[in-house]
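Dropping input-v7.cif in here (mmCIF, C-alpha atoms):
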data_upload
loop_
_atom_site.label_atom_id
_atom_site.label_comp_id
_atom_site.auth_asym_id
_atom_site.auth_seq_id
_atom_site.Cartn_x
_atom_site.Cartn_y
_atom_site.Cartn_z
CA MET A 1 3.12 11.20 -7.58
CA LYS A 2 4.88 13.69 -9.83
CA ASN A 3 4.31 13.80 -13.53
CA ALA A 4 7.25 12.35 -15.42
CA SER A 5 6.29 14.12 -18.63
CA ALA A 6 7.08 17.65 -19.69
CA SER A 7 3.65 18.87 -18.60
CA LYS A 8 3.40 19.75 -14.93
CA GLU A 9 -0.34 20.31 -14.72
CA TYR A 10 -1.29 16.64 -14.39
CA LEU A 11 -0.59 14.54 -11.31
CA PHE A 12 -0.30 11.32 -13.35
CA SER A 13 1.46 10.97 -16.69
CA ASN A 14 0.57 8.29 -19.22
CA ARG A 15 3.56 6.32 -17.94
CA ASP A 16 2.29 6.64 -14.36
CA LEU A 17 -1.10 5.25 -15.40
CA GLU A 18 0.55 2.37 -17.25
CA LYS A 19 2.65 1.48 -14.21
CA LEU A 20 -0.48 1.48 -12.07
CA ILE A 21 -3.01 -0.18 -14.38
CA ILE A 22 -1.00 -2.94 -16.11
CA PRO A 23 0.12 -4.70 -12.88
CA LEU A 24 -3.43 -4.31 -11.51
CA PHE A 25 -4.78 -6.02 -14.61
CA VAL A 26 -2.20 -8.81 -14.34
CA GLU A 27 -2.96 -9.28 -10.64
CA GLN A 28 -6.70 -9.53 -11.27
CA PHE A 29 -6.05 -11.88 -14.19
CA LEU A 30 -3.96 -14.12 -11.93
CA ALA A 31 -6.62 -14.17 -9.21
CA ILE A 32 -9.44 -14.99 -11.62
CA SER A 33 -7.36 -17.51 -13.58
CA VAL A 34 -6.49 -19.36 -10.40
CA GLY A 35 -10.16 -19.31 -9.44
CA LEU A 36 -10.99 -20.89 -12.79
CA ALA A 37 -8.19 -23.41 -12.41
CA ASP A 38 -9.41 -24.22 -8.91
CA SER A 39 -12.92 -24.96 -10.11
CA VAL A 40 -11.63 -27.00 -13.06
CA MET A 41 -9.36 -29.04 -10.77
CA VAL A 42 -12.14 -29.56 -8.24
CA SER A 43 -14.44 -30.71 -11.05
CA SER A 44 -12.31 -33.86 -11.21
CA VAL A 45 -13.88 -34.79 -7.85
CA GLY A 46 -17.41 -34.30 -9.22
CA GLU A 47 -20.18 -31.72 -9.59
CA ALA A 48 -21.06 -32.01 -5.89
CA ALA A 49 -17.56 -30.76 -5.04
CA VAL A 50 -17.81 -27.90 -7.56
CA SER A 51 -21.15 -26.90 -6.05
CA ALA A 52 -19.79 -27.04 -2.50
CA VAL A 53 -16.73 -24.91 -3.26
CA SER A 54 -18.96 -22.40 -5.06
CA LEU A 55 -21.35 -22.13 -2.12
CA ILE A 56 -18.61 -21.63 0.48
CA ASP A 57 -16.66 -19.29 -1.76
CA THR A 58 -19.75 -17.09 -1.89
CA ILE A 59 -19.47 -16.66 1.88
CA MET A 60 -15.72 -16.14 1.62
CA VAL A 61 -16.14 -13.51 -1.10
CA LEU A 62 -18.62 -11.69 1.15
CA LEU A 63 -16.02 -11.52 3.92
CA ILE A 64 -13.17 -10.70 1.54
CA ASN A 65 -15.21 -7.86 0.05
CA MET A 66 -15.84 -6.47 3.53
CA PHE A 67 -12.16 -6.22 4.34
CA THR A 68 -11.17 -5.12 0.85
CA ALA A 69 -13.65 -2.25 1.21
CA LEU A 70 -12.27 -1.31 4.63
CA ALA A 71 -8.76 -1.41 3.17
CA THR A 72 -9.95 0.82 0.34
CA GLY A 73 -11.22 3.31 2.92
CA GLY A 74 -7.77 3.36 4.49
CA ALA A 75 -6.12 3.68 1.09
CA ILE A 76 -8.33 6.66 0.20
CA VAL A 77 -7.35 8.41 3.44
CA ALA A 78 -3.68 7.63 2.74
CA GLY A 79 -3.99 8.71 -0.90
CA GLN A 80 -5.60 12.00 0.07
CA ALA A 81 -2.71 12.56 2.50
CA LEU A 82 -0.26 12.02 -0.36
CA GLY A 83 -2.19 14.56 -2.42
CA ARG A 84 -1.69 17.04 0.45
CA LYS A 85 2.04 16.07 0.60
CA ASN A 86 1.62 14.80 4.18
CA SER A 87 3.37 11.43 4.39
CA GLU A 88 3.07 11.24 8.21
CA ASP A 89 -0.72 11.17 8.02
CA GLY A 90 -0.40 8.59 5.25
CA CYS A 91 1.73 6.28 7.40
CA GLU A 92 -0.71 6.66 10.27
CA ALA A 93 -3.51 5.54 7.93
CA VAL A 94 -1.44 2.49 6.96
CA GLU A 95 -0.96 1.43 10.58
CA GLN A 96 -4.58 1.96 11.59
CA THR A 97 -5.87 0.06 8.56
CA LEU A 98 -3.58 -2.89 9.26
CA LEU A 99 -4.50 -3.03 12.95
CA PHE A 100 -8.24 -2.79 12.42
CA SER A 101 -8.16 -5.33 9.57
CA ALA A 102 -6.26 -7.84 11.75
CA VAL A 103 -8.49 -7.46 14.82
CA ALA A 104 -11.81 -7.37 12.96
CA SER A 105 -10.94 -10.31 10.69
CA ALA A 106 -9.95 -12.49 13.67
CA GLY A 107 -13.34 -11.75 15.21
CA ILE A 108 -15.13 -12.58 11.96
CA MET A 109 -13.24 -15.87 11.71
CA LEU A 110 -14.49 -16.91 15.16
CA ILE A 111 -18.05 -15.88 14.27
CA VAL A 112 -17.96 -18.04 11.12
CA TYR A 113 -16.80 -21.06 13.10
CA ALA A 114 -19.48 -20.48 15.74
CA GLY A 115 -22.18 -19.99 13.09
CA LYS A 116 -21.26 -22.95 10.89
CA TRP A 117 -24.56 -24.75 11.40
CA PHE A 118 -26.56 -21.62 10.52
CA ILE A 119 -24.55 -21.08 7.33
CA LEU A 120 -24.85 -24.66 6.14
CA HIS A 121 -28.47 -25.36 7.07
CA VAL A 122 -30.23 -21.99 7.00
CA VAL A 123 -28.35 -19.79 4.52
CA PHE A 124 -27.84 -22.57 1.96
CA GLY A 125 -31.26 -24.13 2.55
CA GLN A 126 -32.02 -27.62 1.29
CA ILE A 127 -28.99 -29.03 -0.51
CA GLU A 128 -28.07 -32.61 -1.30
CA PRO A 129 -26.21 -34.59 1.42
CA GLU A 130 -23.02 -35.00 -0.63
CA VAL A 131 -22.87 -31.25 -1.34
CA MET A 132 -23.50 -30.56 2.37
CA SER A 133 -20.63 -32.81 3.46
CA ASN A 134 -18.21 -31.14 1.05
CA CYS A 135 -19.40 -27.69 2.18
CA ASN A 136 -18.65 -28.56 5.81
CA THR A 137 -15.11 -29.76 5.01
CA TYR A 138 -14.23 -26.79 2.82
CA LEU A 139 -15.66 -24.21 5.26
CA MET A 140 -13.76 -25.58 8.28
CA ILE A 141 -10.42 -25.30 6.47
CA VAL A 142 -10.60 -22.05 4.49
CA THR A 143 -12.12 -20.02 7.34
CA ALA A 144 -8.68 -20.08 9.02
CA SER A 145 -7.32 -17.99 6.11
CA ILE A 146 -9.56 -14.97 6.74
CA PRO A 147 -7.17 -12.91 8.96
CA PHE A 148 -4.21 -13.51 6.63
CA LEU A 149 -6.17 -12.44 3.59
CA ALA A 150 -7.48 -9.33 5.37
CA VAL A 151 -3.93 -8.23 6.25
CA TYR A 152 -2.74 -8.90 2.71
CA ASN A 153 -5.60 -6.84 1.23
CA ALA A 154 -4.90 -3.96 3.62
CA GLY A 155 -1.23 -3.83 2.61
CA ALA A 156 -1.97 -4.27 -1.10
CA ALA A 157 -4.42 -1.34 -1.03
CA MET A 158 -1.71 0.89 0.45
CA TYR A 159 0.79 -0.06 -2.24
CA ARG A 160 -1.78 0.81 -4.91
CA ALA A 161 -2.53 4.12 -3.17
CA MET A 162 1.06 5.23 -3.80
CA GLY A 163 1.02 4.00 -7.39
CA ASP A 164 2.92 0.76 -6.78
CA SER A 165 0.70 -2.02 -8.05
CA LYS A 166 3.67 -4.12 -9.18
CA THR A 167 4.47 -5.36 -5.66
CA PRO A 168 0.95 -6.73 -4.97
CA MET A 169 1.02 -8.28 -8.45
CA LEU A 170 4.22 -10.20 -7.71
CA MET A 171 2.84 -11.29 -4.34
CA SER A 172 -0.36 -12.45 -6.01
CA LEU A 173 1.71 -14.41 -8.54
CA ALA A 174 3.53 -16.22 -5.73
CA MET A 175 0.38 -16.82 -3.68
CA ASN A 176 -1.64 -18.16 -6.58
CA GLY A 177 1.27 -20.23 -7.86
CA LEU A 178 1.51 -21.97 -4.49
CA ASN A 179 -2.23 -22.56 -4.55
CA ILE A 180 -2.19 -24.17 -7.98
CA MET A 181 0.81 -26.38 -7.15
CA GLY A 182 -0.86 -27.49 -3.94
CA ASN A 183 -4.07 -28.32 -5.78
CA GLY A 184 -2.17 -30.36 -8.34
CA ILE A 185 -0.34 -32.36 -5.68
CA LEU A 186 -3.31 -33.00 -3.37
CA LEU A 187 -6.13 -33.40 -5.92
CA TYR A 188 -4.34 -35.19 -8.75
CA GLY A 189 -1.25 -36.63 -7.05
CA LEU A 190 -2.72 -37.84 -3.75
CA GLY A 191 -6.36 -38.13 -4.86
CA TRP A 192 -7.79 -36.00 -2.04
CA GLY A 193 -11.36 -34.73 -2.16
CA VAL A 194 -12.54 -31.14 -1.66
CA GLU A 195 -9.98 -30.69 1.14
CA GLY A 196 -7.33 -30.92 -1.58
CA ALA A 197 -8.50 -27.49 -2.77
CA ALA A 198 -9.08 -26.01 0.69
CA VAL A 199 -5.64 -26.69 2.24
CA PRO A 200 -3.53 -25.02 -0.50
CA THR A 201 -5.89 -22.02 -0.51
CA THR A 202 -5.44 -21.54 3.22
CA LEU A 203 -1.66 -22.01 3.23
CA SER A 204 -1.08 -19.70 0.26
CA ARG A 205 -3.15 -16.93 1.90
CA ALA A 206 -1.21 -17.35 5.15
CA PHE A 207 2.04 -17.01 3.19
CA ALA A 208 0.81 -13.81 1.49
CA GLY A 209 -0.38 -12.24 4.75
CA ILE A 210 2.91 -12.85 6.56
CA TRP A 211 4.92 -11.65 3.56
CA MET A 212 2.86 -8.44 3.37
CA LEU A 213 3.55 -7.69 7.03
CA SER A 214 7.28 -7.87 6.32
CA LEU A 215 7.11 -5.69 3.19
CA ILE A 216 4.87 -2.98 4.62
CA ARG A 217 7.70 -2.04 7.05
CA ASN A 218 9.86 -0.80 4.15
CA LYS A 219 10.72 2.79 5.11
CA LYS A 220 11.87 3.57 1.57
CA LYS A 221 8.19 3.62 0.59
CA VAL A 222 6.33 6.87 1.19
CA LEU A 223 3.51 4.82 2.75
CA HIS A 224 4.71 2.27 5.30
CA ALA A 225 4.06 0.95 8.79
CA ARG A 226 6.53 2.52 11.19
CA THR A 227 5.91 -0.35 13.61
CA ILE A 228 3.85 -3.54 13.72
CA LEU A 229 3.68 -4.89 17.28
CA GLY A 230 3.58 -1.39 18.75
CA ILE A 231 0.53 -0.16 16.81
CA ARG A 232 -2.27 1.22 18.97
CA PHE A 233 -5.70 2.46 17.94
CA HIS A 234 -5.76 6.18 17.17
CA TRP A 235 -9.45 6.95 17.01
CA LYS A 236 -9.19 10.27 15.14
CA VAL A 237 -7.48 8.61 12.18
CA LEU A 238 -9.48 5.38 12.46
CA LYS A 239 -12.73 7.38 12.42
CA LYS A 240 -11.82 8.83 9.01
CA ILE A 241 -10.94 5.39 7.69
CA LEU A 242 -14.15 3.84 8.97
CA HIS A 243 -16.20 6.79 7.71
CA LEU A 244 -15.08 5.79 4.21
CA GLY A 245 -14.56 2.08 4.72
CA ILE A 246 -17.73 1.07 6.57
CA PRO A 247 -20.24 2.40 3.98
CA TYR A 248 -18.20 0.85 1.18
CA SER A 249 -17.92 -2.37 3.18
CA LEU A 250 -21.67 -2.43 3.77
CA GLU A 251 -22.24 -1.75 0.10
CA ASN A 252 -19.96 -4.61 -0.97
CA SER A 253 -21.37 -6.88 1.70
CA MET A 254 -24.94 -6.21 0.70
CA PHE A 255 -24.02 -6.82 -2.91
CA GLN A 256 -22.57 -10.21 -2.03
CA LEU A 257 -25.39 -10.88 0.44
CA GLY A 258 -27.78 -10.50 -2.45
CA LYS A 259 -26.00 -13.43 -4.13
CA ILE A 260 -26.13 -15.48 -0.96
CA MET A 261 -29.82 -14.81 -0.37
CA VAL A 262 -30.73 -16.14 -3.80
CA LEU A 263 -28.46 -19.17 -3.39
CA SER A 264 -31.24 -21.01 -1.57
CA LEU A 265 -33.42 -20.23 -4.59
CA VAL A 266 -30.76 -21.54 -7.00
CA SER A 267 -30.17 -24.58 -4.78
CA GLY A 268 -33.83 -25.48 -5.13
CA PHE A 269 -33.39 -25.90 -8.89
CA GLY A 270 -31.00 -28.85 -8.37
CA THR A 271 -27.31 -29.69 -8.70
CA SER A 272 -27.24 -28.83 -12.41
CA SER A 273 -28.35 -25.25 -11.73
CA ILE A 274 -25.94 -24.90 -8.79
CA ALA A 275 -23.05 -26.12 -10.95
CA ALA A 276 -24.04 -23.87 -13.87
CA ASN A 277 -24.26 -20.90 -11.53
CA ALA A 278 -20.83 -21.76 -10.08
CA VAL A 279 -19.13 -22.07 -13.46
CA ALA A 280 -20.81 -18.93 -14.79
CA ASN A 281 -19.70 -16.99 -11.71
CA SER A 282 -16.08 -18.06 -12.25
CA VAL A 283 -16.08 -17.23 -15.95
CA THR A 284 -17.92 -13.91 -15.65
CA ASN A 285 -15.48 -12.79 -12.97
CA PHE A 286 -12.86 -13.07 -15.69
CA ALA A 287 -15.11 -11.13 -18.07
CA VAL A 288 -15.11 -8.03 -15.83
CA LEU A 289 -11.55 -8.24 -14.46
CA GLY A 290 -10.45 -5.32 -16.64
CA GLY A 291 -13.22 -3.17 -15.23
CA THR A 292 -12.34 -4.28 -11.71
CA SER A 293 -8.70 -3.33 -12.29
CA MET A 294 -9.73 0.09 -13.60
CA GLY A 295 -11.87 0.58 -10.52
CA TYR A 296 -8.88 0.10 -8.23
CA ALA A 297 -6.80 2.43 -10.40
CA LEU A 298 -9.52 5.09 -10.47
CA SER A 299 -9.82 5.00 -6.68
CA ALA A 300 -6.07 5.52 -6.21
CA VAL A 301 -5.80 8.27 -8.82
CA SER A 302 -8.94 10.14 -7.74
CA ALA A 303 -7.95 10.05 -4.06
CA GLN A 304 -4.70 11.90 -4.77
CA CYS A 305 -6.46 14.43 -6.99
CA VAL A 306 -9.09 15.01 -4.29
CA GLY A 307 -6.34 15.43 -1.69
CA ALA A 308 -4.77 18.07 -3.94
CA GLY A 309 -8.16 19.79 -4.26
CA ASP A 310 -8.12 19.51 -8.07
CA TYR A 311 -11.54 18.31 -9.25
CA LYS A 312 -10.84 19.11 -12.89
CA GLN A 313 -8.19 16.40 -12.79
CA VAL A 314 -10.62 14.09 -10.97
CA ARG A 315 -13.03 14.35 -13.88
CA TYR A 316 -10.25 14.14 -16.48
CA TYR A 317 -8.89 10.88 -15.10
CA THR A 318 -12.37 9.51 -14.53
CA ARG A 319 -13.20 9.91 -18.22
CA ARG A 320 -9.94 8.26 -19.25
CA ILE A 321 -10.07 5.32 -16.87
CA VAL A 322 -13.78 4.59 -17.42
CA GLY A 323 -12.97 4.60 -21.15
CA PHE A 324 -10.21 2.05 -20.53
CA SER A 325 -12.75 0.01 -18.58
CA TYR A 326 -15.17 -0.06 -21.53
CA PHE A 327 -12.40 -1.16 -23.88
CA SER A 328 -11.35 -4.02 -21.61
CA LEU A 329 -14.94 -5.18 -21.12
CA ILE A 330 -15.54 -5.32 -24.88
CA VAL A 331 -12.34 -7.26 -25.62
CA LEU A 332 -12.63 -9.77 -22.78
CA ASN A 333 -16.30 -10.57 -23.34
CA ILE A 334 -15.76 -11.16 -27.05
CA ILE A 335 -12.92 -13.55 -26.21
CA ILE A 336 -15.04 -15.42 -23.66
CA VAL A 337 -18.04 -15.84 -25.95
CA LEU A 338 -15.77 -17.17 -28.72
CA ALA A 339 -14.15 -19.57 -26.23
CA LEU A 340 -17.44 -20.96 -24.88
CA PRO A 341 -17.09 -24.40 -26.54
CA VAL A 342 -13.69 -24.85 -24.88
CA ILE A 343 -14.93 -23.54 -21.51
CA THR A 344 -17.85 -25.92 -21.31
CA ALA A 345 -15.64 -28.82 -22.39
CA VAL A 346 -12.89 -28.35 -19.78
CA TYR A 347 -15.42 -28.28 -16.94
CA ASN A 348 -16.66 -31.76 -17.88
CA LEU A 349 -20.30 -30.70 -17.43
CA THR A 350 -23.48 -32.52 -18.37
CA PRO A 351 -25.27 -31.31 -21.54
CA GLU A 352 -28.01 -29.68 -19.43
CA THR A 353 -25.49 -27.75 -17.33
CA SER A 354 -23.45 -26.74 -20.39
CA ALA A 355 -26.53 -25.26 -22.07
CA LEU A 356 -27.31 -23.19 -18.96
CA VAL A 357 -23.72 -21.95 -18.76
CA ARG A 358 -23.73 -20.81 -22.40
CA GLN A 359 -27.04 -18.99 -21.99
CA ILE A 360 -25.92 -17.15 -18.85
CA ILE A 361 -22.46 -16.16 -20.12
CA ILE A 362 -23.70 -14.76 -23.45
CA TYR A 363 -26.39 -12.72 -21.72
CA HIS A 364 -23.96 -11.50 -19.06
CA GLY A 365 -21.42 -10.47 -21.72
CA ILE A 366 -23.92 -8.33 -23.63
CA CYS A 367 -25.03 -6.53 -20.47
CA ALA A 368 -21.50 -6.11 -19.10
CA VAL A 369 -20.26 -4.35 -22.24
CA PHE A 370 -22.94 -1.68 -22.00
CA ILE A 371 -23.64 -1.27 -18.27
CA TRP A 372 -20.90 -2.63 -15.99
CA ALA A 373 -18.39 0.24 -16.13
CA LEU A 374 -20.96 2.87 -15.20
CA SER A 375 -22.34 0.73 -12.40
CA PHE A 376 -19.03 -0.35 -10.83
CA THR A 377 -16.00 1.58 -12.17
CA LEU A 378 -17.47 5.09 -12.15
CA PRO A 379 -18.61 5.15 -8.47
CA ASN A 380 -15.00 4.80 -7.34
CA THR A 381 -14.57 8.48 -8.15
CA LEU A 382 -17.48 9.36 -5.87
CA ARG A 383 -16.04 7.24 -3.06
CA ALA A 384 -12.58 8.75 -3.42
CA ALA A 385 -14.23 12.15 -2.97
CA ASN A 386 -15.82 10.95 0.32
CA ASP A 387 -19.30 10.55 -1.22
CA VAL A 388 -19.49 7.02 0.15
CA ASN A 389 -22.85 7.26 1.91
CA PHE A 390 -24.66 8.10 -1.33
CA CYS A 391 -23.06 5.12 -3.10
CA MET A 392 -23.92 2.85 -0.20
CA TRP A 393 -27.62 3.74 -0.02
CA VAL A 394 -28.08 3.54 -3.79
CA SER A 395 -26.41 0.12 -3.93
CA ILE A 396 -28.32 -1.29 -0.96
CA ALA A 397 -31.72 -0.06 -2.17
CA SER A 398 -31.11 -1.30 -5.72
CA MET A 399 -29.89 -4.67 -4.46
CA TRP A 400 -32.94 -5.33 -2.27
CA ILE A 401 -35.53 -4.04 -4.73
CA PHE A 402 -34.15 -5.32 -8.01
CA ARG A 403 -31.58 -8.05 -7.41
CA ILE A 404 -33.34 -9.97 -4.64
CA ALA A 405 -37.02 -9.26 -5.26
CA PHE A 406 -36.75 -9.61 -9.02
CA SER A 407 -34.74 -12.84 -8.64
CA PHE A 408 -37.69 -14.52 -6.96
CA VAL A 409 -40.18 -13.02 -9.41
CA LEU A 410 -38.26 -13.95 -12.54
CA ALA A 411 -36.68 -17.23 -11.42
CA LYS A 412 -39.52 -18.78 -9.45
CA PHE A 413 -42.81 -17.16 -10.35
CA LEU A 414 -42.11 -16.60 -14.05
CA GLY A 415 -40.26 -19.91 -14.36
CA LEU A 416 -36.94 -18.65 -15.74
CA GLY A 417 -34.96 -20.71 -13.25
CA VAL A 418 -31.33 -19.82 -12.57
CA PHE A 419 -31.25 -17.62 -15.69
CA GLY A 420 -33.84 -15.36 -14.05
CA VAL A 421 -31.41 -14.70 -11.19
CA TRP A 422 -28.87 -13.33 -13.67
CA VAL A 423 -31.49 -11.19 -15.41
CA ALA A 424 -32.42 -9.66 -12.06
CA MET A 425 -28.74 -8.93 -11.41
CA THR A 426 -28.38 -6.95 -14.63
CA ILE A 427 -31.52 -4.95 -13.86
CA ASP A 428 -29.78 -3.96 -10.62
CA TRP A 429 -26.74 -2.89 -12.66
CA LEU A 430 -28.85 -0.70 -14.93
CA VAL A 431 -30.56 1.12 -12.07
CA ARG A 432 -27.23 1.74 -10.32
CA ALA A 433 -25.63 3.00 -13.53
CA VAL A 434 -28.38 5.53 -14.23
CA ILE A 435 -28.24 6.94 -10.71
CA PHE A 436 -24.43 7.08 -10.48
CA VAL A 437 -24.09 8.82 -13.85
CA SER A 438 -26.66 11.40 -12.77
CA ARG A 439 -24.78 12.00 -9.51
CA TYR A 440 -21.42 12.31 -11.25
CA ARG A 441 -22.73 14.83 -13.79
CA GLY A 442 -23.66 17.14 -10.90
CA THR A 443 -21.41 18.70 -8.24
CA LYS A 444 -22.94 17.57 -4.92
CA TRP A 445 -20.26 14.88 -4.53
CA GLN A 446 -17.42 17.39 -4.62
CA PHE A 447 -15.76 18.74 -1.45
CA LYS A 448 -17.40 16.20 0.84
CA LYS A 449 -15.76 15.96 4.24
CA ALA A 450 -14.26 12.66 5.43
#
Could you write out this file's structure as structure tokens?
Amino acid sequence: MKNASASKEYLFSNRDLEKLIIPLFVEQFLAISVGLADSVMVSSVGEAAVSAVSLIDTIMVLLINMFTALATGGAIVAGQALGRKNSEDGCEAVEQTLLFSAVASAGIMLIVYAGKWFILHVVFGQIEPEVMSNCNTYLMIVTASIPFLAVYNAGAAMYRAMGDSKTPMLMSLAMNGLNIMGNGILLYGLGWGVEGAAVPTTLSRAFAGIWMLSLIRNKKKVLHARTILGIRFHWKVLKKILHLGIPYSLENSMFQLGKIMVLSLVSGFGTSSIAANAVANSVTNFAVLGGTSMGYALSAVSAQCVGAGDYKQVRYYTRRIVGFSYFSLIVLNIIIVLALPVITAVYNLTPETSALVRQIIIYHGICAVFIWALSFTLPNTLRAANDVNFCMWVSIASMWIFRIAFSFVLAKFLGLGVFGVWVAMTIDWLVRAVIFVSRYRGTKWQFKKA
């Protein structure tokens, strides 16, 4: 992307960054807002339904993160190609990312259906019969949306790689709007149970996936798919994508797996703790959406700078975008803490559950303001420079040692309950942040080969 300003030494002008970051922020806001609206709407069915949707969504987020990470690997390869001014290599990366995402996600969908009993009875452990029944219904329906969502994420990552985050934002607006309308009709209008949330989710994701396949053929875009049905695996290009995407996918998967592994621990504390954990997860996702948006932006910007071989610009934009991330985290967490009375009221929670939610959200907000950006936004620079293996091993080791082990120590053995799980999570953040900052301050991550 050429600088629109008078200065020619920077790849991205302030206007370029605005055009990239603002739609990313809006898109993340839409996604999180719809997630909150979903959980609020489902709460009309009861806390058992809220708990069930939360449990299954944890599995879905694990799978979504896997394919988002793979798409990010493809987008980094495509972005580096743009930095080298090689659009042909970029288009090849688009096609290979789409093909692999479609094939792999279809396989994962079949595995989830085949492993339904294991997920419900082993992964989730001992949960109440009503929660179990709702989990079964929700899982059977939303699993069908996995391939569509994987294709959408692959295409959206490519649009961001070329600095066009407006298109994915508009698609997200349409997808989430359909979801909310469907929820309103089925949950409130027809009085359906948890399936009233599952069906609109699945249909809206199918709509987005099909729409993305049509848009990604646009030859006016520097990154596009030259064909769809005629795509074949090209292992040389796919190897580069997987070299970046698989470690990041494993990292994201392990991160989400850490949440899943402690779910059986949370489930043992009763429906109130499950519901509090579910609501807190929804709200705190909103609290870090600015940082998440900056992470996507940093990945796209850094990839082009790395492709151009300009590491001074990599560090320049890293400082700026991480600074934006801190600002957004401060503002959003202040707003959320001030809005806590309203948040707990709209969820129609019991007094016990409301107290747990307030405790978790305030603690999370304090930690997020100081630690989150260094733990999650900053490493996107390292990944864009092909230093994905380092990020993966740090994240996996920290997750197992601190998130999982400390969850059991703090929650069960020290009696902190579900709050202890969140304390363990922030300890994991702190360890990751210290290590990633140390790595970034050095030079070993520069000039890594894909």
Check which residues satisfy the PyMOL selection byres ((chain A and resi 244) around 9) in the file shown, then give them as a ChimeraX atom specification. /A:69-70,72-74,76-77,239-243,245-249,383-384,386-389,450
Selected residues written out, C-alpha atoms, as a short mmCIF file (atom, residue, chain, number, x, y, z; two decimals), keeping the file's coordinate frame:
data_model
loop_
_atom_site.label_atom_id
_atom_site.label_comp_id
_atom_site.auth_asym_id
_atom_site.auth_seq_id
_atom_site.Cartn_x
_atom_site.Cartn_y
_atom_site.Cartn_z
CA ALA A 69 -13.65 -2.25 1.21
CA LEU A 70 -12.27 -1.31 4.63
CA THR A 72 -9.95 0.82 0.34
CA GLY A 73 -11.22 3.31 2.92
CA GLY A 74 -7.77 3.36 4.49
CA ILE A 76 -8.33 6.66 0.20
CA VAL A 77 -7.35 8.41 3.44
CA LYS A 239 -12.73 7.38 12.42
CA LYS A 240 -11.82 8.83 9.01
CA ILE A 241 -10.94 5.39 7.69
CA LEU A 242 -14.15 3.84 8.97
CA HIS A 243 -16.20 6.79 7.71
CA GLY A 245 -14.56 2.08 4.72
CA ILE A 246 -17.73 1.07 6.57
CA PRO A 247 -20.24 2.40 3.98
CA TYR A 248 -18.20 0.85 1.18
CA SER A 249 -17.92 -2.37 3.18
CA ARG A 383 -16.04 7.24 -3.06
CA ALA A 384 -12.58 8.75 -3.42
CA ASN A 386 -15.82 10.95 0.32
CA ASP A 387 -19.30 10.55 -1.22
CA VAL A 388 -19.49 7.02 0.15
CA ASN A 389 -22.85 7.26 1.91
CA ALA A 450 -14.26 12.66 5.43
#
Resolved residues for the PyMOL selection byres ((chain A and resi 332) around 8) as a short mmCIF file (atom, residue, chain, number, x, y, z; two decimals) with C-alpha atoms, in the frame of the given file:
data_model
loop_
_atom_site.label_atom_id
_atom_site.label_comp_id
_atom_site.auth_asym_id
_atom_site.auth_seq_id
_atom_site.Cartn_x
_atom_site.Cartn_y
_atom_site.Cartn_z
CA PHE A 286 -12.86 -13.07 -15.69
CA ALA A 287 -15.11 -11.13 -18.07
CA VAL A 288 -15.11 -8.03 -15.83
CA GLY A 290 -10.45 -5.32 -16.64
CA SER A 328 -11.35 -4.02 -21.61
CA LEU A 329 -14.94 -5.18 -21.12
CA ILE A 330 -15.54 -5.32 -24.88
CA VAL A 331 -12.34 -7.26 -25.62
CA ASN A 333 -16.30 -10.57 -23.34
CA ILE A 334 -15.76 -11.16 -27.05
CA ILE A 335 -12.92 -13.55 -26.21
CA ILE A 336 -15.04 -15.42 -23.66
#
So that I can see what lies close to segment 107-122 of chain A, please list as number ranges by chain the residues with an atom at most 7 Å from it, counting all atoms listed in the file and leaving out residues fewer than 6 positions away in the same chain. A: 143-144, 146
Residue contacts of segment 413-421 of chain A (12 Å, only C-alpha atoms) excluding same-chain residues fewer than 5 positions away, as a PyMOL selection string: chain A and resi 258-278+280-281+353+355-364+402-408+426-428
Can you list, as an NGL selection string, every protein, DNA or RNA residue that comes within 9 Å of Phe376 of chain A when you count only C-alpha atoms, leaving out same-chain residues fewer than 2 positions away? :A and (291-292 or 295 or 371-374 or 378-380 or 429 or 432-433)
Using all atoms listed in the file, pick whichever of A:Pro147, A:Pro341, A:Gly191, A:Gly309 has the shortest atom-to-atom distance to Arg205 of chain A.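 Nearest to Arg205 of chain A: A:Pro147.
The closest residue to Tyr316 of chain A, picked from A:Tyr296, A:Thr381, A:Ile141, A:Arg439 and counting all atoms listed in the file, is A:Thr381.
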Enclose segment 329-340 of chain A, meaning all of its atoms listed in the file, in a box aligned along x, y and z, pad it by 6 Å on each side, and list the centre and edge lengths in Å to one decimal, as AutoDock Vina command-line options.
--center_x -15.2 --center_y -13.1 --center_z -24.9 --size_x 17.7 --size_y 27.8 --size_z 19.6
Quote the spacing between atom CA of Val434 of chain A and atom CA of Leu250 of chain A in Å to one decimal place.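 One can read the atom CA of Val434 of chain A to atom CA of Leu250 of chain A distance as 20.8 Å.
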Find, counting only C-alpha atoms, the residue in A:Pro200, A:Ala174, A:Cys135, A:Trp445 that gets nearest to Thr58 of chain A. A:Cys135
